[in-house]
>>> print(open('target_15.txt').read())   # compact mmCIF, C-alpha atoms
# COMPACT_ATOMS: atom_id res chain seq x y z
CA MET A 1 -24.27 15.00 -2.82
CA ALA A 2 -23.49 11.38 -1.93
CA THR A 3 -21.44 9.13 -4.18
CA GLY A 4 -20.97 5.42 -3.72
CA PRO A 5 -21.50 2.03 -5.38
CA GLY A 6 -25.08 2.96 -6.25
CA HIS A 7 -23.93 6.11 -8.02
CA PRO A 8 -23.07 5.94 -11.78
CA ALA A 9 -19.61 7.34 -11.12
CA TRP A 10 -18.76 4.26 -9.07
CA ARG A 11 -19.41 1.84 -11.95
CA ARG A 12 -18.09 3.97 -14.80
CA ALA A 13 -15.30 2.46 -16.92
CA ALA A 14 -15.89 -0.88 -15.19
CA GLY A 15 -13.69 0.31 -12.36
CA ALA A 16 -14.09 0.61 -8.62
CA ARG A 17 -14.07 3.79 -6.60
CA PHE A 18 -11.20 4.08 -4.13
CA PHE A 19 -9.72 6.73 -1.91
CA CYS A 20 -6.38 7.10 -0.18
CA THR A 21 -5.40 9.06 2.87
CA VAL A 22 -2.34 11.17 2.21
CA GLY A 23 -0.07 13.54 4.09
CA ARG A 24 -1.04 17.17 3.77
CA GLY A 25 0.71 18.76 0.85
CA LEU A 26 1.22 15.42 -0.91
CA GLU A 27 -2.21 15.35 -2.57
CA PRO A 28 -0.85 16.59 -5.96
CA PHE A 29 1.84 13.89 -5.90
CA LEU A 30 -0.71 11.15 -5.28
CA MET A 31 -3.06 12.49 -7.95
CA ARG A 32 -0.25 12.34 -10.51
CA GLU A 33 0.78 8.91 -9.30
CA VAL A 34 -2.65 7.25 -9.54
CA ARG A 35 -3.09 8.66 -13.05
CA ALA A 36 0.33 7.42 -14.19
CA ARG A 37 0.56 4.13 -12.30
CA LEU A 38 -3.09 3.02 -12.24
CA GLN A 39 -4.49 4.86 -15.28
CA ALA A 40 -7.05 6.21 -12.82
CA THR A 41 -9.95 8.37 -13.86
CA GLU A 42 -12.28 10.76 -12.01
CA VAL A 43 -9.39 11.81 -9.79
CA GLU A 44 -10.28 14.43 -7.21
CA TYR A 45 -9.06 15.45 -3.80
CA ILE A 46 -10.03 17.06 -0.56
CA LEU A 47 -7.62 17.90 2.20
CA GLY A 48 -5.83 14.71 3.24
CA LYS A 49 -7.64 12.39 0.79
CA VAL A 50 -7.54 11.55 -2.91
CA PHE A 51 -10.47 9.82 -4.65
CA PHE A 52 -10.17 7.93 -7.93
CA THR A 53 -11.62 5.18 -10.12
CA THR A 54 -9.45 2.35 -11.43
CA CYS A 55 -9.61 -1.19 -12.80
CA SER A 56 -6.20 -2.07 -11.31
CA ASP A 57 -5.74 -5.22 -9.27
CA LEU A 58 -4.27 -5.47 -5.78
CA ASN A 59 -0.76 -6.02 -7.08
CA MET A 60 -0.82 -2.63 -8.81
CA LEU A 61 -2.59 -0.90 -5.93
CA LYS A 62 0.16 -2.06 -3.58
CA LYS A 63 2.70 -0.11 -5.64
CA LEU A 64 1.35 3.32 -4.67
CA LYS A 65 4.19 5.17 -2.95
CA SER A 66 2.78 8.56 -1.93
CA ALA A 67 -0.36 7.23 -0.19
CA GLU A 68 -0.79 6.43 3.48
CA ARG A 69 -3.74 4.00 3.41
CA LEU A 70 -6.01 2.67 0.66
CA PHE A 71 -9.79 2.25 1.00
CA LEU A 72 -12.72 1.10 -1.09
CA LEU A 73 -15.26 3.91 -1.07
CA ILE A 74 -18.73 3.12 0.27
CA LYS A 75 -20.12 6.62 0.61
CA LYS A 76 -19.01 10.22 0.29
CA GLN A 77 -21.41 13.04 1.03
CA LEU A 78 -21.72 16.56 2.39
CA PRO A 79 -21.03 17.11 6.10
CA PHE A 80 -23.67 16.90 8.81
CA ASN A 81 -25.04 20.22 10.01
CA VAL A 82 -24.55 20.07 13.77
CA SER A 83 -25.24 23.73 14.56
CA SER A 84 -29.00 23.87 14.00
CA VAL A 85 -30.29 20.38 14.83
CA SER A 86 -30.57 18.27 17.96
CA LYS A 87 -28.19 15.51 18.98
CA GLY A 88 -30.87 12.89 18.36
CA LYS A 89 -31.40 14.21 14.85
CA ILE A 90 -27.70 13.84 14.10
CA PHE A 91 -27.75 10.28 15.40
CA SER A 92 -30.63 9.50 13.05
CA GLU A 93 -28.74 11.01 10.09
CA VAL A 94 -25.64 8.96 10.93
CA GLN A 95 -27.74 5.79 10.98
CA ARG A 96 -29.10 6.73 7.55
CA LEU A 97 -25.56 6.32 6.17
CA ILE A 98 -26.41 2.62 6.34
CA SER A 99 -30.19 2.37 6.14
CA ASP A 100 -30.75 4.70 3.16
CA ASP A 101 -28.77 2.57 0.69
CA PRO A 102 -27.93 -0.91 2.06
CA GLU A 103 -27.39 -2.26 -1.45
CA SER A 104 -24.34 -0.05 -1.92
CA TRP A 105 -22.81 -1.57 1.21
CA LEU A 106 -23.37 -5.11 -0.02
CA ASN A 107 -22.00 -4.23 -3.47
CA VAL A 108 -18.76 -2.94 -1.99
CA ILE A 109 -18.45 -5.93 0.36
CA SER A 110 -18.93 -8.29 -2.57
CA PHE A 111 -16.36 -6.42 -4.68
CA TRP A 112 -13.92 -6.38 -1.76
CA LYS A 113 -14.15 -10.16 -1.40
CA ASN A 114 -13.78 -10.72 -5.14
CA LEU A 115 -10.74 -8.45 -5.20
CA LEU A 116 -9.02 -10.52 -2.53
CA GLU A 117 -9.98 -13.82 -4.11
CA LEU A 118 -8.76 -12.73 -7.55
CA ASP A 119 -5.47 -11.60 -6.07
CA ALA A 120 -5.10 -14.95 -4.29
CA LYS A 121 -5.74 -16.84 -7.54
CA LYS A 122 -3.12 -14.76 -9.36
CA GLU A 123 -0.66 -15.45 -6.58
CA LYS A 124 -1.36 -19.16 -6.86
CA LEU A 125 -0.79 -19.09 -10.63
CA SER A 126 2.42 -17.08 -10.32
CA GLN A 127 3.77 -19.54 -7.76
CA ARG A 128 2.93 -22.44 -10.05
CA ASP A 129 4.53 -20.74 -13.06
CA ALA A 130 7.63 -19.96 -11.02
CA ASN A 131 8.26 -23.67 -10.37
CA PRO A 132 10.70 -25.32 -12.78
CA GLN A 133 8.96 -27.23 -15.56
CA LYS A 134 9.46 -30.89 -14.84
CA MET A 135 8.42 -32.43 -18.12
CA LYS A 136 8.42 -31.44 -21.78
CA THR A 137 7.31 -33.18 -24.96
CA GLY A 138 9.80 -33.79 -27.77
CA LYS A 139 8.98 -33.57 -31.48
CA ASN A 140 8.60 -37.34 -31.69
CA GLY A 141 5.97 -37.27 -28.98
CA THR A 142 8.17 -38.90 -26.34
CA ILE A 143 8.34 -37.43 -22.82
CA ILE A 144 11.78 -36.14 -21.90
CA GLY A 145 12.67 -35.51 -18.28
CA THR A 146 14.02 -32.00 -17.68
CA LYS A 147 17.48 -31.90 -16.16
CA LEU A 148 17.38 -30.40 -12.65
CA LYS A 149 20.10 -31.82 -10.45
CA ILE A 150 20.90 -35.06 -12.24
CA GLU A 151 21.04 -35.98 -15.91
CA GLN A 152 18.15 -38.40 -15.85
CA MET A 153 15.40 -39.35 -13.45
CA GLN A 154 15.02 -43.00 -12.61
CA GLU A 155 11.71 -44.49 -13.63
CA THR A 156 10.90 -45.47 -10.07
CA GLU A 157 11.44 -41.89 -8.88
CA GLU A 158 9.16 -40.57 -11.62
CA ASN A 159 6.41 -42.94 -10.61
CA ARG A 160 6.83 -42.03 -6.98
CA GLU A 161 6.58 -38.30 -7.71
CA CYS A 162 3.54 -38.77 -9.92
CA GLN A 163 1.82 -40.80 -7.25
CA LEU A 164 2.66 -38.18 -4.61
CA GLU A 165 1.30 -35.40 -6.84
CA LYS A 166 -1.91 -37.35 -7.35
CA GLN A 167 -2.35 -37.88 -3.62
CA ILE A 168 -1.72 -34.22 -2.85
CA LYS A 169 -4.21 -33.13 -5.54
CA GLU A 170 -6.88 -35.46 -4.18
CA THR A 171 -6.26 -34.24 -0.65
CA LEU A 172 -6.54 -30.61 -1.67
CA GLU A 173 -9.75 -31.28 -3.58
CA GLN A 174 -11.27 -32.90 -0.52
CA GLY A 175 -10.40 -29.87 1.57
CA ASP A 176 -8.21 -31.82 4.02
CA SER A 177 -5.47 -29.18 3.94
CA LEU A 178 -5.07 -25.46 3.35
CA THR A 179 -4.82 -24.36 -0.24
CA LYS A 180 -2.15 -21.95 -1.37
CA ARG A 181 -4.79 -19.25 -1.63
CA GLU A 182 -5.75 -19.69 2.01
CA LYS A 183 -2.12 -19.67 3.13
CA PHE A 184 -1.46 -16.52 1.14
CA GLN A 185 -4.48 -14.75 2.58
CA GLU A 186 -3.55 -15.77 6.12
CA GLU A 187 -0.03 -14.41 5.66
CA GLU A 188 -0.86 -11.20 3.76
CA PHE A 189 -4.36 -10.40 4.96
CA PRO A 190 -4.82 -11.93 8.44
CA ASN A 191 -7.72 -9.61 9.20
CA VAL A 192 -9.64 -10.39 6.01
CA ALA A 193 -8.74 -14.00 5.18
CA LYS A 194 -11.98 -15.23 6.62
CA ALA A 195 -13.96 -12.74 4.58
CA ALA A 196 -12.58 -14.05 1.30
CA ASP A 197 -14.12 -17.44 2.03
CA THR A 198 -17.38 -16.08 3.42
CA HIS A 199 -20.16 -16.24 0.87
CA ASN A 200 -22.92 -15.18 3.24
CA GLU A 201 -22.62 -11.55 4.30
CA ASN A 202 -24.53 -12.36 7.49
CA ASN A 203 -21.47 -14.26 8.74
CA LEU A 204 -19.26 -11.17 8.71
CA THR A 205 -17.76 -9.74 11.86
CA PHE A 206 -16.75 -6.09 11.94
CA ARG A 207 -15.43 -3.16 13.89
CA VAL A 208 -15.83 0.55 13.27
CA SER A 209 -12.92 2.99 13.22
CA CYS A 210 -14.25 6.54 13.47
CA ARG A 211 -12.61 9.93 13.24
CA CYS A 212 -14.35 13.22 13.89
CA SER A 213 -12.94 16.68 13.25
CA GLY A 214 -14.27 20.21 13.19
CA ALA A 215 -17.66 21.16 14.62
CA ILE A 216 -18.96 17.62 14.92
CA ALA A 217 -15.98 16.68 17.12
CA LYS A 218 -17.11 19.33 19.61
CA THR A 219 -20.54 17.69 19.87
CA PHE A 220 -19.78 13.96 19.58
CA THR A 221 -16.88 11.70 20.39
CA ALA A 222 -15.58 9.19 17.88
CA GLN A 223 -16.72 6.43 20.24
CA GLU A 224 -20.32 7.72 20.18
CA ILE A 225 -20.41 7.84 16.39
CA GLY A 226 -18.78 4.43 16.14
CA ARG A 227 -21.34 2.93 18.52
CA ILE A 228 -24.27 4.37 16.54
CA VAL A 229 -22.85 3.04 13.27
CA GLY A 230 -22.14 -0.36 14.81
CA ILE A 231 -25.70 -0.75 16.07
CA ALA A 232 -27.07 0.28 12.67
CA LEU A 233 -24.89 -2.31 10.90
CA MET A 234 -26.00 -5.08 13.24
CA LYS A 235 -29.65 -4.21 12.74
CA GLN A 236 -29.40 -3.79 8.96
CA PHE A 237 -27.19 -6.76 8.03
CA GLY A 238 -27.07 -9.02 11.06
CA TRP A 239 -23.30 -8.68 11.33
CA LYS A 240 -21.56 -9.26 14.65
CA ALA A 241 -19.16 -6.82 16.26
CA ASP A 242 -15.64 -8.08 16.95
CA LEU A 243 -13.13 -5.51 18.15
CA ARG A 244 -10.16 -7.89 18.27
CA ASN A 245 -10.16 -9.96 15.10
CA PRO A 246 -12.89 -8.80 12.70
CA THR A 247 -13.17 -9.94 9.11
CA LEU A 248 -14.10 -6.42 8.10
CA GLU A 249 -13.17 -2.93 9.25
CA ILE A 250 -15.38 0.08 8.55
CA PHE A 251 -13.67 3.47 8.40
CA ILE A 252 -15.68 6.66 8.93
CA HIS A 253 -14.43 10.25 8.88
CA LEU A 254 -16.84 13.07 9.66
CA SER A 255 -15.61 16.65 9.26
CA ASP A 256 -16.82 20.12 8.34
CA ILE A 257 -16.00 19.42 4.68
CA TYR A 258 -17.30 15.90 4.05
CA SER A 259 -18.56 12.59 5.44
CA VAL A 260 -16.66 9.57 4.12
CA VAL A 261 -17.20 5.84 4.68
CA GLY A 262 -14.87 3.15 3.34
CA ILE A 263 -13.21 -0.23 3.83
CA PRO A 264 -9.42 -0.54 4.27
CA VAL A 265 -8.10 -2.72 1.45
CA PHE A 266 -4.92 -3.71 3.28
CA ARG A 267 -4.35 -4.31 6.97
CA VAL A 268 -0.92 -2.64 6.86
CA PRO A 269 -0.73 0.97 5.58
CA LEU A 270 0.89 1.43 2.18
CA ALA A 271 3.32 3.89 3.77
CA SER A 272 4.69 1.16 6.08
CA ARG A 273 7.37 -0.23 3.80
CA ALA A 274 8.41 -3.79 4.59
CA TYR A 275 11.96 -3.01 3.48
CA ILE A 276 12.48 -0.15 5.93
CA ARG A 277 13.68 -1.58 9.23
CA THR A 278 14.88 1.67 10.81
CA THR A 279 12.53 4.57 10.18
CA GLY A 280 13.67 8.11 9.57
CA LEU A 281 12.11 10.48 7.07
CA ARG A 282 8.53 9.47 6.22
CA SER A 283 8.66 7.10 3.25
CA THR A 284 5.93 8.96 1.35
CA ILE A 285 7.82 12.25 1.65
CA ALA A 286 11.08 10.58 0.61
CA TRP A 287 9.40 9.15 -2.49
CA ALA A 288 7.86 12.53 -3.35
CA MET A 289 11.26 14.21 -3.08
CA ALA A 290 12.81 11.61 -5.37
CA SER A 291 9.93 11.87 -7.84
CA ILE A 292 10.57 15.56 -8.56
CA ALA A 293 14.33 15.08 -8.99
CA GLU A 294 13.89 13.89 -12.59
CA ILE A 295 16.13 10.88 -12.04
CA LYS A 296 17.11 9.03 -15.20
CA ALA A 297 19.04 5.84 -15.93
CA GLY A 298 22.81 6.17 -15.71
CA MET A 299 22.82 9.22 -13.44
CA PHE A 300 24.96 9.75 -10.34
CA VAL A 301 22.61 10.57 -7.45
CA LEU A 302 23.99 11.77 -4.13
CA ASP A 303 22.45 12.27 -0.70
CA PRO A 304 25.27 13.93 1.30
CA MET A 305 23.31 13.79 4.58
CA CYS A 306 21.51 10.50 4.06
CA GLY A 307 20.65 9.57 7.65
CA PHE A 308 18.88 6.19 7.50
CA GLY A 309 18.94 6.32 3.70
CA THR A 310 15.18 6.57 3.18
CA ILE A 311 15.37 8.92 0.18
CA LEU A 312 17.92 6.73 -1.59
CA LEU A 313 15.90 3.59 -0.81
CA GLU A 314 12.73 5.03 -2.31
CA ALA A 315 14.64 6.32 -5.34
CA ALA A 316 16.48 3.04 -5.96
CA LYS A 317 13.24 1.04 -5.74
CA GLU A 318 11.65 3.25 -8.40
CA TRP A 319 14.69 4.00 -10.60
CA PRO A 320 17.14 1.07 -10.20
CA ASP A 321 19.55 1.76 -13.09
CA VAL A 322 21.29 4.63 -11.31
CA TYR A 323 24.49 5.02 -9.29
CA TYR A 324 23.49 6.05 -5.75
CA VAL A 325 25.80 7.29 -2.99
CA GLY A 326 24.81 8.23 0.54
CA ALA A 327 27.08 9.97 3.04
CA ASP A 328 26.68 10.84 6.69
CA VAL A 329 28.99 11.83 9.52
CA SER A 330 27.02 9.76 12.09
CA ALA A 331 28.01 6.13 12.48
CA SER A 332 24.68 5.26 14.13
CA GLN A 333 22.74 6.78 11.23
CA LEU A 334 24.80 4.82 8.72
CA LEU A 335 24.26 1.61 10.70
CA GLY A 336 20.51 2.12 10.39
CA ALA A 337 20.91 2.87 6.70
CA CYS A 338 22.92 -0.31 6.22
CA ASP A 339 20.19 -2.35 7.91
CA ASN A 340 17.62 -0.80 5.59
CA LEU A 341 19.69 -1.52 2.49
CA THR A 342 20.10 -5.14 3.55
CA ALA A 343 16.37 -5.54 4.19
CA ALA A 344 15.57 -3.96 0.82
CA GLY A 345 18.15 -6.04 -1.07
CA LEU A 346 19.87 -2.87 -2.31
CA LYS A 347 23.38 -3.16 -0.85
CA ASP A 348 24.79 -3.50 -4.36
CA LYS A 349 22.83 -0.47 -5.60
CA ILE A 350 23.68 2.15 -2.96
CA GLU A 351 27.13 2.97 -1.64
CA LEU A 352 27.43 4.41 1.87
CA LEU A 353 30.29 6.65 3.07
CA LYS A 354 31.08 7.86 6.58
CA VAL A 355 32.23 11.39 5.94
CA SER A 356 31.17 14.96 6.64
CA VAL A 357 29.30 16.68 3.86
CA ILE A 358 31.98 19.37 3.57
CA GLU A 359 34.74 16.75 3.29
CA LEU A 360 33.31 14.61 0.50
CA PRO A 361 36.13 13.99 -2.02
CA LEU A 362 34.12 14.85 -5.11
CA PRO A 363 35.38 16.83 -8.10
CA SER A 364 33.43 19.76 -9.45
CA GLU A 365 30.43 19.06 -11.68
CA SER A 366 30.54 15.32 -10.96
CA VAL A 367 27.04 14.73 -9.57
CA ASP A 368 23.85 14.68 -11.64
CA VAL A 369 21.31 14.90 -8.81
CA ILE A 370 21.78 16.03 -5.20
CA ILE A 371 18.77 15.25 -3.06
CA SER A 372 18.74 15.45 0.72
CA ASP A 373 16.64 16.12 3.79
CA ILE A 374 18.86 18.83 5.26
CA PRO A 375 18.71 18.68 9.07
CA PHE A 376 17.19 21.96 10.27
CA GLY A 377 15.56 20.50 13.40
CA LYS A 378 16.49 20.61 17.08
CA LYS A 379 17.99 17.10 17.26
CA PHE A 380 20.13 17.50 14.15
CA LYS A 381 21.03 20.93 12.82
CA LEU A 382 23.75 22.48 10.71
CA GLY A 383 24.00 25.92 12.26
CA LYS A 384 26.62 28.18 10.73
CA ASP A 385 27.89 25.42 8.41
CA ILE A 386 24.89 25.72 6.13
CA ARG A 387 26.50 28.32 3.86
CA SER A 388 29.65 26.26 3.21
CA ILE A 389 27.55 23.11 2.71
CA LEU A 390 25.37 24.73 0.08
CA GLN A 391 28.46 26.07 -1.68
CA GLU A 392 29.95 22.55 -1.82
CA MET A 393 26.71 21.12 -3.14
CA GLU A 394 26.63 23.77 -5.85
CA ARG A 395 30.21 22.93 -6.82
CA TRP A 396 29.43 19.20 -7.19
CA GLU A 397 26.41 19.46 -9.43
CA THR A 398 26.66 19.10 -13.18
CA GLY A 399 24.07 21.74 -13.94
CA THR A 400 21.20 19.27 -14.46
CA GLN A 401 19.24 19.65 -11.23
CA LYS A 402 19.59 19.91 -7.49
CA ASP A 403 16.79 19.29 -4.98
>>> encode(input="target_15.txt", output="structure tokens")
Amino acid sequence: MATGPGHPAWRRAAGARFFCTVGRGLEPFLMREVRARLQATEVEYILGKVFFTTCSDLNMLKKLKSAERLFLLIKKQLPFNVSSVSKGKIFSEVQRLISDDPESWLNVISFWKNLLELDAKKEKLSQRDANPQKMKTGKNGTIIGTKLKIEQMQETEENRECQLEKQIKETLEQGDSLTKREKFQEEEFPNVAKAADTHNENNLTFRVSCRCSGAIAKTFTAQEIGRIVGIALMKQFGWKADLRNPTLEIFIHLSDIYSVVGIPVFRVPLASRAYIRTTGLRSTIAWAMASIAEIKAGMFVLDPMCGFGTILLEAAKEWPDVYYVGADVSASQLLGACDNLTAAGLKDKIELLKVSVIELPLPSESVDVIISDIPFGKKFKLGKDIRSILQEMERWETGTQKD
């Protein structure tokens, strides 16, 4: 059964229907997170995806830590039966993803634009509120200049600033320069900035990103499906295809379990953290590990084999009032970790030590939480040292928890 913007579930609770892609095995973490962080309802999952309804704005949606990418849901339905019908029949059914309910597509496009515009307006207001207040009114009704760098502002300087403000306001109203909203959208959403200012859906440009898996992948390529969908969109809405710089991207995944169509909300995946310069352990996995460690304010949290420090970074971003220590025997790993801490602004929150895990000078029962991605792989491995390492880790812990 298909669900989308035309379905009652999409509009319920005045929220929008979203879905996230997620690493396999992390679906329960994301389900808990959207309920707790977004107060999401109608949360459900299928392998690799979590669906939910929420009223949250973009600022809150950006805070999801266990998700890979975030999409607005256009359509979700049962899979195509490719075993008993012809190739032409399948093509016709794929085209019906668009032609059967065009209103649902336009509803989602409209909501998508409004979501971006609302976020841009909030950003504009927050920037304005962040500026120091220049003037305030005293009890006697006189205007007192706020002290910034000097005790008083000369009257000529006040007049000059007021005149400049007036000129800038008039210029902005006439559209002779970019507004803050446009600058923000160009910086944060370069692939959708044009869409936020497009009021006629016929002016949209698009590209289709298609993924096929299971039986349908043995019959059709992703390029074939993408081409069929693209032609249907051009015929139905008059949109133009643009593979390089589209205002809109359409995501389609066809599998043996479901058929899903959506719009990416952000150009950059949520899992691509801006504060991680040197990548190690996947950020979503690191956050999930930290989330089950039951970290509380005032604790001493240790990663004795921290590598690039990803686990500690994710933990410190979520639970800042904690003492974090990371140790590693590799100087190159610690250099990457230091770069990450600097980029994240967490150098004062996490202490790094160059020392072997079995040589850490820690007294017994001194650590509240030990959390680490123990290197069992081919590139980094512990070998016979694993027994002595685990014994040391057991000696350090206070009896609260160890992950």
>>> closest_residue(input="target_15.txt", among="A:Gln77, A:Thr278, A:Leu302, A:Ile292", to="Ser332 of chain A", atoms="all atoms listed in the file")
A:Thr278
>>> residues_around(input="target_15.txt", residues="segment 205-213 of chain A", least_positions_apart="4", cutoff="8 Å", atoms="only C-alpha atoms", output="MDAnalysis selection string")
chainID A and resid 217 220:223 225:227 229:230 239:243 246:256
>>> closest_residue(input="target_15.txt", among="A:Ala331, A:Ile370, A:Ala288, A:Val82", to="Gly23 of chain A", atoms="all atoms listed in the file")
A:Ala288
>>> atom_distance(input="target_15.txt", atom1="atom CA of Val43 of chain A", atom2="atom CA of Trp287 of chain A")
20.3 Å
>>> closest_residue(input="target_15.txt", among="A:Val367, A:Ile285, A:Ala297, A:Lys113", to="Val325 of chain A", atoms="only C-alpha atoms")
A:Val367
>>> closest_residue(input="target_15.txt", among="A:Glu103, A:Asp129, A:Asp348, A:Glu42", to="Pro320 of chain A", atoms="only C-alpha atoms")
A:Asp348
>>> build_atoms(input="target_15.txt", residues="segment 220-240 of chain A", atoms="N, CA and C atoms", output="PDB file, keeping the file's coordinate frame")
ATOM      1  N   PHE A 220     -19.795  15.408  19.400  1.00  0.00           N
ATOM      2  CA  PHE A 220     -19.780  13.960  19.580  1.00  0.00           C
ATOM      3  C   PHE A 220     -18.347  13.461  19.672  1.00  0.00           C
ATOM      4  N   THR A 221     -18.170  12.383  20.386  1.00  0.00           N
ATOM      5  CA  THR A 221     -16.880  11.700  20.390  1.00  0.00           C
ATOM      6  C   THR A 221     -16.878  10.656  19.280  1.00  0.00           C
ATOM      7  N   ALA A 222     -15.687  10.241  18.898  1.00  0.00           N
ATOM      8  CA  ALA A 222     -15.580   9.190  17.880  1.00  0.00           C
ATOM      9  C   ALA A 222     -16.218   7.895  18.373  1.00  0.00           C
ATOM     10  N   GLN A 223     -16.125   7.642  19.675  1.00  0.00           N
ATOM     11  CA  GLN A 223     -16.720   6.430  20.240  1.00  0.00           C
ATOM     12  C   GLN A 223     -18.243   6.447  20.107  1.00  0.00           C
ATOM     13  N   GLU A 224     -18.858   7.616  20.313  1.00  0.00           N
ATOM     14  CA  GLU A 224     -20.320   7.720  20.180  1.00  0.00           C
ATOM     15  C   GLU A 224     -20.763   7.442  18.746  1.00  0.00           C
ATOM     16  N   ILE A 225     -20.067   8.053  17.792  1.00  0.00           N
ATOM     17  CA  ILE A 225     -20.410   7.840  16.390  1.00  0.00           C
ATOM     18  C   ILE A 225     -20.192   6.373  16.011  1.00  0.00           C
ATOM     19  N   GLY A 226     -19.073   5.818  16.452  1.00  0.00           N
ATOM     20  CA  GLY A 226     -18.780   4.430  16.140  1.00  0.00           C
ATOM     21  C   GLY A 226     -19.822   3.479  16.698  1.00  0.00           C
ATOM     22  N   ARG A 227     -20.308   3.779  17.903  1.00  0.00           N
ATOM     23  CA  ARG A 227     -21.340   2.930  18.520  1.00  0.00           C
ATOM     24  C   ARG A 227     -22.637   3.005  17.740  1.00  0.00           C
ATOM     25  N   ILE A 228     -23.037   4.207  17.314  1.00  0.00           N
ATOM     26  CA  ILE A 228     -24.270   4.370  16.540  1.00  0.00           C
ATOM     27  C   ILE A 228     -24.173   3.612  15.212  1.00  0.00           C
ATOM     28  N   VAL A 229     -23.042   3.733  14.540  1.00  0.00           N
ATOM     29  CA  VAL A 229     -22.850   3.040  13.270  1.00  0.00           C
ATOM     30  C   VAL A 229     -22.850   1.530  13.481  1.00  0.00           C
ATOM     31  N   GLY A 230     -22.192   1.075  14.537  1.00  0.00           N
ATOM     32  CA  GLY A 230     -22.140  -0.360  14.810  1.00  0.00           C
ATOM     33  C   GLY A 230     -23.512  -0.954  15.045  1.00  0.00           C
ATOM     34  N   ILE A 231     -24.331  -0.267  15.816  1.00  0.00           N
ATOM     35  CA  ILE A 231     -25.700  -0.750  16.070  1.00  0.00           C
ATOM     36  C   ILE A 231     -26.507  -0.790  14.781  1.00  0.00           C
ATOM     37  N   ALA A 232     -26.344   0.235  13.940  1.00  0.00           N
ATOM     38  CA  ALA A 232     -27.070   0.280  12.670  1.00  0.00           C
ATOM     39  C   ALA A 232     -26.653  -0.873  11.751  1.00  0.00           C
ATOM     40  N   LEU A 233     -25.368  -1.201  11.723  1.00  0.00           N
ATOM     41  CA  LEU A 233     -24.890  -2.310  10.900  1.00  0.00           C
ATOM     42  C   LEU A 233     -25.428  -3.646  11.385  1.00  0.00           C
ATOM     43  N   MET A 234     -25.469  -3.829  12.694  1.00  0.00           N
ATOM     44  CA  MET A 234     -26.000  -5.080  13.240  1.00  0.00           C
ATOM     45  C   MET A 234     -27.470  -5.238  12.922  1.00  0.00           C
ATOM     46  N   LYS A 235     -28.215  -4.148  13.025  1.00  0.00           N
ATOM     47  CA  LYS A 235     -29.650  -4.210  12.740  1.00  0.00           C
ATOM     48  C   LYS A 235     -29.918  -4.426  11.249  1.00  0.00           C
ATOM     49  N   GLN A 236     -29.150  -3.747  10.402  1.00  0.00           N
ATOM     50  CA  GLN A 236     -29.400  -3.790   8.960  1.00  0.00           C
ATOM     51  C   GLN A 236     -28.970  -5.110   8.334  1.00  0.00           C
ATOM     52  N   PHE A 237     -27.775  -5.605   8.724  1.00  0.00           N
ATOM     53  CA  PHE A 237     -27.190  -6.760   8.030  1.00  0.00           C
ATOM     54  C   PHE A 237     -27.051  -8.002   8.903  1.00  0.00           C
ATOM     55  N   GLY A 238     -27.247  -7.873  10.187  1.00  0.00           N
ATOM     56  CA  GLY A 238     -27.070  -9.020  11.060  1.00  0.00           C
ATOM     57  C   GLY A 238     -25.618  -9.365  11.334  1.00  0.00           C
ATOM     58  N   TRP A 239     -24.709  -8.434  11.050  1.00  0.00           N
ATOM     59  CA  TRP A 239     -23.300  -8.680  11.330  1.00  0.00           C
ATOM     60  C   TRP A 239     -23.046  -8.641  12.834  1.00  0.00           C
ATOM     61  N   LYS A 240     -21.943  -9.243  13.240  1.00  0.00           N
ATOM     62  CA  LYS A 240     -21.560  -9.260  14.650  1.00  0.00           C
ATOM     63  C   LYS A 240     -20.318  -8.399  14.860  1.00  0.00           C
TER      64      LYS A 240
END
